[in-house]
$ cat final30.cif   # mmCIF, C-alpha atoms
data_work
loop_
_atom_site.label_atom_id
_atom_site.label_comp_id
_atom_site.auth_asym_id
_atom_site.auth_seq_id
_atom_site.Cartn_x
_atom_site.Cartn_y
_atom_site.Cartn_z
CA MET A 246 15.78 -15.38 -26.33
CA ARG A 247 16.45 -15.03 -30.02
CA SER A 248 15.89 -18.74 -30.56
CA SER A 249 12.47 -18.49 -28.81
CA PHE A 250 11.38 -15.79 -31.23
CA VAL A 251 12.74 -17.80 -34.09
CA ARG A 252 10.70 -20.81 -33.01
CA LEU A 253 7.49 -19.04 -31.98
CA GLY A 254 7.49 -16.07 -34.32
CA PRO A 255 6.21 -17.79 -37.46
CA LEU A 256 3.58 -19.62 -35.46
CA ALA A 257 2.33 -16.39 -33.87
CA ALA A 258 2.37 -14.58 -37.20
CA LEU A 259 0.34 -17.35 -38.79
CA LEU A 260 -2.16 -17.32 -35.92
CA LEU A 261 -2.53 -13.56 -35.87
CA SER A 262 -2.78 -13.22 -39.64
CA PHE A 263 -5.55 -15.80 -39.62
CA LEU A 264 -7.45 -14.17 -36.77
CA PHE A 265 -7.02 -10.61 -37.97
CA ALA A 266 -8.18 -11.46 -41.45
CA GLY A 267 -11.55 -10.03 -40.45
CA THR A 268 -13.76 -12.99 -41.25
CA PRO A 269 -17.33 -11.68 -41.09
CA THR A 270 -19.29 -12.86 -38.10
CA THR A 271 -22.11 -15.09 -39.18
CA SER A 272 -24.72 -17.37 -37.76
CA VAL A 273 -27.42 -19.56 -39.16
CA ARG A 274 -31.12 -18.75 -38.80
CA ALA A 275 -33.19 -21.85 -38.35
CA GLY A 276 -36.94 -22.10 -38.21
CA ALA A 277 -37.64 -18.38 -38.46
CA ALA A 278 -41.29 -17.57 -38.00
CA PRO A 279 -42.89 -16.10 -41.11
CA LEU A 280 -44.79 -13.52 -39.08
CA LEU A 281 -43.05 -10.43 -37.77
CA ALA A 282 -45.17 -10.57 -34.63
CA GLY A 283 -44.59 -13.00 -31.79
CA VAL A 284 -46.16 -16.34 -32.67
CA PHE A 285 -48.05 -18.76 -30.43
CA ASP A 286 -47.35 -22.42 -31.06
CA PRO A 287 -49.73 -24.13 -31.08
CA PRO A 288 -52.30 -21.35 -31.42
CA ARG A 289 -55.31 -21.57 -29.14
CA THR A 290 -58.83 -20.35 -29.80
CA ALA A 291 -58.94 -16.70 -28.81
CA PRO A 292 -61.07 -16.40 -25.66
CA ASP A 293 -64.38 -14.89 -26.64
CA PHE A 294 -66.39 -12.27 -24.77
CA SER A 295 -69.47 -10.19 -25.16
CA LEU A 296 -69.16 -6.51 -24.31
CA PRO A 297 -71.13 -3.37 -25.16
CA GLY A 298 -69.67 -1.93 -28.33
CA SER A 299 -69.10 1.60 -29.50
CA ASN A 300 -71.37 0.85 -32.48
CA GLY A 301 -74.34 0.29 -30.19
CA SER A 302 -74.34 -3.51 -30.36
CA GLU A 303 -72.56 -6.27 -28.51
CA VAL A 304 -68.95 -6.95 -29.47
CA SER A 305 -67.78 -10.53 -29.63
CA LEU A 306 -65.06 -12.31 -31.58
CA ALA A 307 -67.56 -14.79 -32.96
CA ARG A 308 -69.25 -11.94 -34.74
CA TYR A 309 -66.09 -11.27 -36.74
CA ARG A 310 -65.28 -14.87 -37.63
CA GLY A 311 -63.98 -14.89 -41.19
CA LYS A 312 -62.06 -11.67 -40.63
CA VAL A 313 -58.61 -11.09 -39.22
CA VAL A 314 -59.12 -9.32 -35.90
CA LEU A 315 -56.54 -6.98 -34.43
CA MET A 316 -57.37 -6.47 -30.78
CA THR A 317 -55.69 -4.08 -28.39
CA PHE A 318 -56.38 -2.71 -24.92
CA GLY A 319 -56.17 0.92 -23.86
CA PHE A 320 -58.05 4.03 -22.81
CA THR A 321 -59.12 7.11 -24.70
CA ASN A 322 -57.26 9.48 -22.36
CA CYS A 323 -53.99 7.73 -23.18
CA ALA A 324 -51.41 10.34 -24.12
CA ALA A 325 -49.05 8.42 -26.39
CA VAL A 326 -49.30 4.66 -26.71
CA CYS A 327 -52.94 4.31 -27.75
CA PRO A 328 -52.96 7.15 -30.30
CA THR A 329 -49.79 5.76 -31.85
CA THR A 330 -51.16 2.23 -32.01
CA LEU A 331 -54.51 3.26 -33.45
CA ALA A 332 -52.93 5.56 -36.01
CA THR A 333 -50.60 2.73 -37.06
CA LEU A 334 -53.49 0.30 -37.42
CA ALA A 335 -55.49 2.85 -39.41
CA GLN A 336 -52.53 3.35 -41.72
CA ALA A 337 -52.16 -0.41 -42.13
CA ARG A 338 -55.83 -0.81 -43.05
CA SER A 339 -55.53 2.04 -45.49
CA SER A 340 -52.52 0.35 -47.13
CA LEU A 341 -54.40 -2.92 -47.53
CA GLY A 342 -56.90 -1.47 -49.98
CA LYS A 343 -59.89 -3.72 -50.56
CA ALA A 344 -58.41 -6.42 -48.31
CA ALA A 345 -59.06 -4.09 -45.38
CA ASP A 346 -62.69 -5.17 -45.51
CA ALA A 347 -61.52 -8.49 -44.05
CA VAL A 348 -59.76 -6.81 -41.14
CA GLN A 349 -61.45 -5.68 -37.93
CA VAL A 350 -59.82 -3.63 -35.20
CA ILE A 351 -61.27 -4.02 -31.71
CA TYR A 352 -60.18 -1.61 -28.98
CA VAL A 353 -61.06 -2.77 -25.48
CA THR A 354 -61.00 -0.12 -22.83
CA VAL A 355 -59.18 -0.56 -19.53
CA ASP A 356 -60.87 2.57 -18.20
CA PRO A 357 -64.65 2.00 -18.18
CA ALA A 358 -65.19 4.88 -15.75
CA ARG A 359 -64.42 7.37 -18.52
CA ASP A 360 -64.79 5.29 -21.67
CA ASP A 361 -68.45 4.71 -22.37
CA ALA A 362 -69.65 3.61 -25.81
CA ALA A 363 -70.30 7.14 -27.05
CA ARG A 364 -66.93 8.42 -25.95
CA MET A 365 -65.16 5.48 -27.62
CA LYS A 366 -67.09 5.93 -30.86
CA GLU A 367 -66.11 9.58 -31.07
CA TYR A 368 -62.49 8.81 -30.20
CA LEU A 369 -62.06 5.92 -32.62
CA ALA A 370 -63.75 7.73 -35.51
CA ALA A 371 -60.81 10.11 -35.55
CA PHE A 372 -58.58 7.20 -36.56
CA ASP A 373 -60.81 4.91 -38.60
CA PRO A 374 -64.62 4.77 -38.47
CA SER A 375 -64.50 0.99 -38.86
CA PHE A 376 -62.74 0.52 -35.53
CA ILE A 377 -64.94 -0.93 -32.83
CA GLY A 378 -64.57 -0.04 -29.17
CA ALA A 379 -65.59 -2.40 -26.37
CA THR A 380 -66.47 -1.29 -22.88
CA GLY A 381 -68.41 -2.75 -19.97
CA THR A 382 -68.37 -3.19 -16.26
CA PRO A 383 -65.01 -3.21 -14.48
CA SER A 384 -65.43 -6.86 -13.58
CA ALA A 385 -66.39 -7.90 -17.11
CA LEU A 386 -63.41 -6.07 -18.57
CA ALA A 387 -61.10 -7.49 -15.92
CA ALA A 388 -62.27 -10.98 -16.86
CA VAL A 389 -61.39 -10.35 -20.51
CA ARG A 390 -57.98 -8.99 -19.55
CA GLN A 391 -57.31 -12.05 -17.44
CA LYS A 392 -58.05 -14.37 -20.37
CA TYR A 393 -55.41 -12.59 -22.43
CA GLY A 394 -52.87 -11.94 -19.69
CA VAL A 395 -53.33 -8.21 -20.05
CA THR A 396 -52.41 -5.89 -17.20
CA ALA A 397 -53.97 -2.52 -16.39
CA ILE A 398 -52.96 -0.50 -13.36
CA LYS A 399 -54.34 2.86 -12.35
CA ARG A 400 -51.73 5.54 -11.75
CA GLY A 401 -52.50 8.87 -10.12
CA SER A 402 -55.71 10.23 -8.67
CA GLY A 403 -58.35 12.78 -9.50
CA LYS A 404 -59.83 13.12 -12.95
CA ASP A 405 -56.43 13.14 -14.68
CA TYR A 406 -55.34 9.66 -13.63
CA ALA A 407 -53.65 7.40 -16.15
CA MET A 408 -53.72 3.68 -16.81
CA VAL A 409 -50.54 1.69 -17.26
CA HIS A 410 -51.55 -1.14 -19.54
CA THR A 411 -50.33 -3.84 -21.89
CA SER A 412 -49.64 -2.18 -25.21
CA SER A 413 -49.29 -5.19 -27.51
CA ILE A 414 -51.78 -5.99 -30.27
CA PHE A 415 -53.34 -9.47 -30.51
CA LEU A 416 -53.65 -10.96 -33.99
CA ILE A 417 -56.58 -13.35 -34.41
CA ASP A 418 -57.01 -15.25 -37.67
CA ARG A 419 -60.18 -15.88 -39.67
CA THR A 420 -60.93 -19.06 -37.74
CA GLY A 421 -60.75 -17.32 -34.38
CA LYS A 422 -57.32 -18.63 -33.41
CA LEU A 423 -55.06 -16.36 -31.42
CA ARG A 424 -52.06 -16.58 -33.71
CA ALA A 425 -49.71 -13.81 -32.69
CA LEU A 426 -48.92 -10.79 -30.58
CA MET A 427 -47.38 -7.66 -32.07
CA PRO A 428 -45.48 -5.59 -29.50
CA PHE A 429 -45.93 -1.85 -29.44
CA GLY A 430 -43.59 0.03 -31.73
CA HIS A 431 -44.00 -1.79 -35.02
CA ASP A 432 -44.90 0.30 -38.04
CA ALA A 433 -47.84 -0.10 -40.40
CA ALA A 434 -45.80 -2.05 -42.95
CA ASP A 435 -45.17 -4.79 -40.39
CA PHE A 436 -48.89 -5.08 -39.72
CA VAL A 437 -49.63 -5.18 -43.43
CA HIS A 438 -47.08 -7.98 -43.80
CA ASP A 439 -48.62 -10.10 -41.06
CA ILE A 440 -52.24 -9.34 -41.93
CA THR A 441 -51.57 -10.37 -45.51
CA LEU A 442 -50.13 -13.68 -44.33
CA LEU A 443 -53.05 -14.27 -41.97
CA LEU A 444 -55.58 -13.45 -44.67
CA ALA A 445 -53.89 -15.92 -47.00
CA SER A 446 -53.64 -18.74 -44.48
CA MET B 456 45.59 -26.20 -12.46
CA SER B 457 44.03 -24.56 -9.49
CA ILE B 458 42.68 -21.79 -11.71
CA VAL B 459 41.06 -24.31 -14.01
CA ASP B 460 39.49 -26.17 -11.06
CA ALA B 461 37.97 -22.93 -9.70
CA THR B 462 36.43 -21.64 -12.96
CA LEU B 463 34.79 -24.80 -14.31
CA PRO B 464 31.98 -24.98 -11.70
CA MET B 465 31.28 -21.25 -12.13
CA ASN B 466 30.91 -21.63 -15.89
CA SER B 467 28.62 -24.58 -15.42
CA LEU B 468 26.40 -22.62 -12.96
CA HIS B 469 26.16 -19.67 -15.31
CA ALA B 470 25.27 -21.98 -18.16
CA ARG B 471 22.48 -23.62 -16.11
CA ARG B 472 21.13 -20.21 -14.98
CA SER B 473 21.26 -18.95 -18.53
CA ALA B 474 19.40 -22.01 -19.79
CA ARG B 475 16.72 -21.61 -17.09
CA GLY B 476 16.39 -17.94 -17.98
CA ARG B 477 15.90 -18.74 -21.64
CA ARG B 478 13.29 -21.37 -20.81
CA GLY B 479 11.48 -18.92 -18.50
CA ARG B 480 11.45 -16.24 -21.16
CA GLY B 481 10.28 -18.77 -23.70
CA VAL B 482 7.40 -19.83 -21.47
CA ALA B 483 6.48 -16.19 -20.78
CA ILE B 484 6.51 -15.40 -24.48
CA ALA B 485 4.45 -18.47 -25.27
CA LEU B 486 1.95 -17.54 -22.54
CA ALA B 487 1.73 -13.97 -23.81
CA LEU B 488 1.14 -15.25 -27.33
CA VAL B 489 -1.57 -17.61 -26.11
CA ILE B 490 -3.33 -14.75 -24.28
CA LEU B 491 -2.89 -12.44 -27.25
CA GLY B 492 -4.10 -15.12 -29.62
CA GLY B 493 -7.09 -15.92 -27.42
CA THR B 494 -8.04 -12.27 -27.20
CA ALA B 495 -7.62 -11.86 -30.93
CA TRP B 496 -9.74 -14.95 -31.54
CA ALA B 497 -12.47 -13.70 -29.20
CA SER B 498 -12.38 -10.32 -30.90
CA PHE B 499 -12.35 -11.36 -34.54
CA ALA B 500 -13.44 -14.97 -34.95
CA PRO B 501 -17.01 -15.38 -36.24
CA ILE B 502 -19.69 -15.90 -33.62
CA ARG B 503 -21.72 -18.98 -34.45
CA LEU B 504 -24.84 -19.91 -32.55
CA ALA B 505 -26.85 -23.05 -33.18
CA SER B 506 -30.09 -21.09 -33.13
CA HIS B 507 -31.42 -17.56 -33.07
CA ASN B 508 -33.69 -18.51 -30.19
CA GLU B 509 -32.99 -17.29 -26.68
CA LEU B 510 -35.01 -19.85 -24.77
CA PHE B 511 -36.62 -19.47 -21.37
CA GLU B 512 -38.86 -22.24 -20.03
CA ILE B 513 -41.35 -22.51 -17.23
CA PRO B 514 -40.61 -25.99 -15.90
CA LYS B 515 -43.30 -28.40 -14.87
CA GLY B 516 -44.26 -27.91 -11.25
CA THR B 517 -43.64 -24.16 -11.18
CA PHE B 518 -47.22 -23.38 -10.16
CA ALA B 519 -47.09 -25.97 -7.37
CA ARG B 520 -43.80 -24.54 -6.11
CA ARG B 521 -45.21 -21.02 -6.11
CA MET B 522 -48.31 -22.20 -4.25
CA ALA B 523 -45.99 -23.75 -1.68
CA GLY B 524 -44.42 -20.34 -1.14
CA ASP B 525 -41.30 -20.95 -3.17
CA LYS B 526 -40.22 -17.83 -5.02
CA VAL B 527 -39.50 -19.05 -8.54
CA GLU B 528 -37.61 -16.61 -10.75
CA ILE B 529 -37.39 -17.65 -14.40
CA LEU B 530 -37.01 -14.48 -16.38
CA PRO B 531 -34.31 -11.96 -15.51
CA GLN B 532 -35.23 -8.32 -15.09
CA THR B 533 -33.54 -7.57 -18.38
CA ILE B 534 -33.04 -9.96 -21.27
CA TRP B 535 -30.14 -9.17 -23.53
CA LEU B 536 -30.50 -10.05 -27.23
CA THR B 537 -28.38 -9.27 -30.28
CA LEU B 538 -29.60 -8.75 -33.83
CA GLY B 539 -28.43 -11.44 -36.22
CA LEU B 540 -27.35 -13.72 -33.40
CA ASN B 541 -29.85 -14.44 -30.63
CA ASP B 542 -32.66 -12.16 -31.77
CA VAL B 543 -35.70 -14.35 -31.12
CA LEU B 544 -37.11 -14.59 -27.61
CA LEU B 545 -38.58 -18.07 -27.19
CA LEU B 546 -40.77 -18.63 -24.16
CA ARG B 547 -42.13 -22.09 -23.40
CA ASN B 548 -44.58 -23.18 -20.75
CA ARG B 549 -43.98 -26.76 -19.64
CA ASP B 550 -46.15 -26.38 -16.57
CA VAL B 551 -49.72 -27.65 -16.20
CA VAL B 552 -51.38 -24.23 -15.82
CA PRO B 553 -51.29 -21.02 -17.89
CA HIS B 554 -48.61 -18.50 -16.95
CA VAL B 555 -48.14 -14.84 -17.69
CA PHE B 556 -44.62 -15.20 -18.95
CA GLY B 557 -42.89 -12.01 -20.01
CA PRO B 558 -45.03 -10.14 -22.50
CA THR B 559 -47.96 -12.52 -22.68
CA LEU B 560 -50.07 -15.35 -21.32
CA ILE B 561 -48.84 -18.75 -22.41
CA MET B 562 -50.91 -21.90 -22.11
CA PRO B 563 -49.56 -25.26 -20.87
CA GLY B 564 -47.48 -26.89 -23.58
CA GLN B 565 -47.50 -23.71 -25.65
CA SER B 566 -44.56 -21.64 -26.75
CA PHE B 567 -44.29 -18.03 -27.82
CA SER B 568 -41.64 -16.95 -30.27
CA LEU B 569 -40.99 -13.22 -30.52
CA PRO B 570 -38.51 -12.02 -33.17
CA PHE B 571 -36.76 -8.66 -32.99
CA ALA B 572 -35.58 -6.73 -36.03
CA LYS B 573 -34.63 -3.36 -34.53
CA ALA B 574 -32.07 -2.53 -31.88
CA SER B 575 -33.80 -0.90 -28.95
CA THR B 576 -34.88 -1.46 -25.37
CA TYR B 577 -38.37 -2.92 -25.23
CA SER B 578 -40.47 -2.71 -22.11
CA PHE B 579 -43.27 -5.15 -21.35
CA ALA B 580 -45.67 -5.12 -18.45
CA CYS B 581 -44.92 -8.29 -16.49
CA THR B 582 -46.53 -9.08 -13.17
CA ALA B 583 -43.90 -11.74 -12.49
CA HIS B 584 -41.39 -8.99 -11.73
CA ALA B 585 -41.37 -6.80 -8.66
CA SER B 586 -40.88 -3.74 -10.87
CA GLY B 587 -43.92 -4.73 -12.92
CA GLN B 588 -41.99 -4.72 -16.17
CA LEU B 589 -39.64 -6.81 -18.20
CA LEU B 590 -36.98 -5.12 -20.28
CA ILE B 591 -35.63 -6.66 -23.46
CA ASP B 592 -32.46 -4.98 -24.58
CA VAL B 593 -31.82 -5.68 -28.27
CA GLU B 594 -28.38 -4.60 -29.38
CA PRO B 595 -27.02 -4.25 -32.92
CA PHE B 596 -24.85 -6.89 -34.48
CA PRO B 597 -21.37 -6.58 -32.96
CA ALA B 598 -18.59 -5.34 -35.21
CA PRO B 599 -15.34 -7.35 -35.30
CA GLY B 600 -12.94 -6.23 -32.60
CA TRP B 601 -13.89 -4.78 -29.27
CA GLU B 602 -17.65 -5.23 -29.75
CA THR B 603 -17.27 -8.92 -30.57
CA LEU B 604 -14.94 -9.42 -27.61
CA ARG B 605 -17.41 -7.62 -25.34
CA TRP B 606 -20.28 -9.75 -26.70
CA ARG B 607 -18.39 -12.96 -25.92
CA LEU B 608 -17.46 -11.82 -22.41
CA ARG B 609 -21.07 -10.87 -21.64
CA ARG B 610 -22.35 -14.11 -23.11
CA LEU B 611 -19.88 -16.06 -21.00
CA THR B 612 -20.84 -14.15 -17.87
CA SER B 613 -24.53 -14.61 -18.60
CA THR B 614 -24.13 -18.35 -19.17
CA VAL B 615 -22.12 -18.81 -15.98
CA TRP B 616 -24.69 -16.82 -14.03
CA ARG B 617 -27.56 -18.85 -15.43
CA LEU B 618 -25.84 -22.15 -14.74
CA ALA B 619 -25.15 -20.97 -11.21
CA GLY B 620 -28.80 -20.02 -10.79
CA LEU B 621 -27.99 -16.37 -10.19
CA PRO B 622 -30.09 -13.49 -11.55
CA THR B 623 -28.83 -12.44 -14.98
CA THR B 624 -29.60 -8.76 -14.87
CA HIS B 625 -27.65 -6.75 -17.39
CA GLU B 626 -27.08 -3.15 -16.53
CA HIS B 627 -26.15 -0.68 -19.23
#
$ encode --input "final30.cif" --output "structure tokens"
Amino acid sequence: MRSSFVRLGPLAALLLSFLFAGTPTTSVRAGAAPLLAGVFDPPRTAPDFSLPGSNGSEVSLARYRGKVVLMTFGFTNCAAVCPTTLATLAQARSSLGKAADAVQVIYVTVDPARDDAARMKEYLAAFDPSFIGATGTPSALAAVRQKYGVTAIKRGSGKDYAMVHTSSIFLIDRTGKLRALMPFGHDAADFVHDITLLLAS
Amino acid sequence: MSIVDATLPMNSLHARRSARGRRGRGVAIALALVILGGTAWASFAPIRLASHNELFEIPKGTFARRMAGDKVEILPQTIWLTLGLNDVLLLRNRDVVPHVFGPTLIMPGQSFSLPFAKASTYSFACTAHASGQLLIDVEPFPAPGWETLRWRLRRLTSTVWRLAGLPTTHEH
């Protein structure tokens, strides 16, 4: 028994002292994307559309070629997600200063029954008057959602129903390429970071 | 003479039993040290991954299999990621048609790389799941000790499950 300890003791002590030394856990990051948003590779041309806009004219992506477009889907009766997203985007534009002129936010409704152009204009003006709302027929809006893989499901009944919808924000570069998707929850600084990169690219 | 003849075999037997006992104890001690050492290694040795990407792919032919009525599950209900280790969700569509894959629509031959910088549980609408949503559970970097050991055990379990083709749902 004693001889076993004598033989194995130093070996165990060496092993344990090495392992318990507390070497920091590390790993190597390779090929990290420069954007903070999720990146499409290769990027495709963002599917275009033509919908009645909250500014009284048709909304299409082609119209904003040369600008970075931030596009999101929602509804004006949304209790939490949409107000948070729009406030964040407004804050990001405000932080960009003059560069904000090259940024366009488009908010596509998933609830055309309640969100007409006038309602969207009034709603969006509370966040940033430059924001453009897009509405239309249910089928036209569904077609746009399908092109972007956006879901929208009606929950509840009566006039107080809600819409469960995709909450991410699509980032489209100056050339009309769908470059990235920012999940809900990022703060304005993250948007400023990515917008700045897209404006420079 | 007779006394000597009677005691010699007994001494020899005791010696053999004693030797076997020492060997058995030695083996037990060695085994215990190996287990202890392995546990210590798994608890404190650095975790090294080749990439930060946690890759999920839609293989070619997925659409055809679904059209044929085959239920193809690619993404688990919950994806478990860890900051500083596997904190980039990489989705790749190798099929010939677009797929809504997790949080977005991905075209054929396209990939989508989504980095995470904050520990939280993220919920994405995903029609590919019966619940209608995909959860991505991003955990903080594990501290040396129990957290690192737990990370390795979960990683091992997850890998075995994936290799066995079983759903890798992580409940917390």
$ interface_residues --input "final30.cif" --of "chain B" --to "chain A" --cutoff "9 Å" --atoms "only C-alpha atoms" --output "MDAnalysis selection string"
chainID B and resid 476:478 480:481 484:485 488:489 491:492 495:496 498:508 539:540 543:544 554:556 558:562 564:572 577 579:582 596:600 603
$ resolve_selection --input "final30.cif" --expression "the PyMOL selection byres ((chain B and resi 552) around 10)" --output "short mmCIF file (atom, residue, chain, number, x, y, z; two decimals) with C-alpha atoms, in the frame of the given file"
data_model
loop_
_atom_site.label_atom_id
_atom_site.label_comp_id
_atom_site.auth_asym_id
_atom_site.auth_seq_id
_atom_site.Cartn_x
_atom_site.Cartn_y
_atom_site.Cartn_z
CA LYS B 515 -43.30 -28.40 -14.87
CA GLY B 516 -44.26 -27.91 -11.25
CA THR B 517 -43.64 -24.16 -11.18
CA PHE B 518 -47.22 -23.38 -10.16
CA ALA B 519 -47.09 -25.97 -7.37
CA ASN B 548 -44.58 -23.18 -20.75
CA ARG B 549 -43.98 -26.76 -19.64
CA ASP B 550 -46.15 -26.38 -16.57
CA VAL B 551 -49.72 -27.65 -16.20
CA PRO B 553 -51.29 -21.02 -17.89
CA HIS B 554 -48.61 -18.50 -16.95
CA ILE B 561 -48.84 -18.75 -22.41
CA MET B 562 -50.91 -21.90 -22.11
CA PRO B 563 -49.56 -25.26 -20.87
CA GLY B 564 -47.48 -26.89 -23.58
#
$ atom_distance --input "final30.cif" --atom1 "atom CA of Met408 of chain A" --atom2 "atom CA of Val304 of chain A"
22.5 Å
$ resolve_selection --input "final30.cif" --expression "the PyMOL selection byres ((chain B and resi 511) around 10)" --output "JSON, numbers by chain"
{"B": [508, 509, 510, 512, 513, 514, 529, 530, 531, 544, 545, 546, 547, 548, 556, 557, 566]}
$ closest_residue --input "final30.cif" --among "A:Phe320, A:Phe372, A:Thr330, A:Gly342" --to "Val355 of chain A" --atoms "all atoms listed in the file"
A:Phe320
$ atom_distance --input "final30.cif" --atom1 "atom CA of Lys366 of chain A" --atom2 "atom CA of Thr290 of chain A"
27.6 Å
$ decode --input "final30.cif" --residues "segment 289-317 of chain A" --atoms "C-alpha atoms" --output "compact mmCIF listing (two decimals), in the first residue's frame"
# COMPACT_ATOMS: atom_id res chain seq x y z
CA ARG A 289 -28.74 38.57 -52.78
CA THR A 290 -30.60 41.51 -54.25
CA ALA A 291 -33.30 42.46 -51.76
CA PRO A 292 -36.67 41.53 -53.27
CA ASP A 293 -38.38 44.71 -54.34
CA PHE A 294 -42.04 45.63 -53.97
CA SER A 295 -44.35 48.52 -54.54
CA LEU A 296 -46.75 49.34 -51.73
CA PRO A 297 -48.77 52.41 -50.72
CA GLY A 298 -46.63 54.49 -48.41
CA SER A 299 -47.43 56.54 -45.36
CA ASN A 300 -46.02 59.58 -47.20
CA GLY A 301 -48.74 59.35 -49.83
CA SER A 302 -46.61 57.82 -52.57
CA GLU A 303 -45.57 54.31 -53.52
CA VAL A 304 -42.82 52.71 -51.46
CA SER A 305 -40.24 50.62 -53.24
CA LEU A 306 -36.63 49.72 -52.51
CA ALA A 307 -35.54 51.00 -55.90
CA ARG A 308 -36.62 54.44 -54.83
CA TYR A 309 -34.07 54.41 -52.01
CA ARG A 310 -31.14 53.03 -54.00
CA GLY A 311 -28.03 54.84 -52.82
CA LYS A 312 -29.21 54.77 -49.22
CA VAL A 313 -28.86 52.13 -46.57
CA VAL A 314 -32.36 50.81 -45.92
CA LEU A 315 -33.41 49.36 -42.58
CA MET A 316 -36.62 47.45 -43.09
CA THR A 317 -38.76 45.87 -40.42
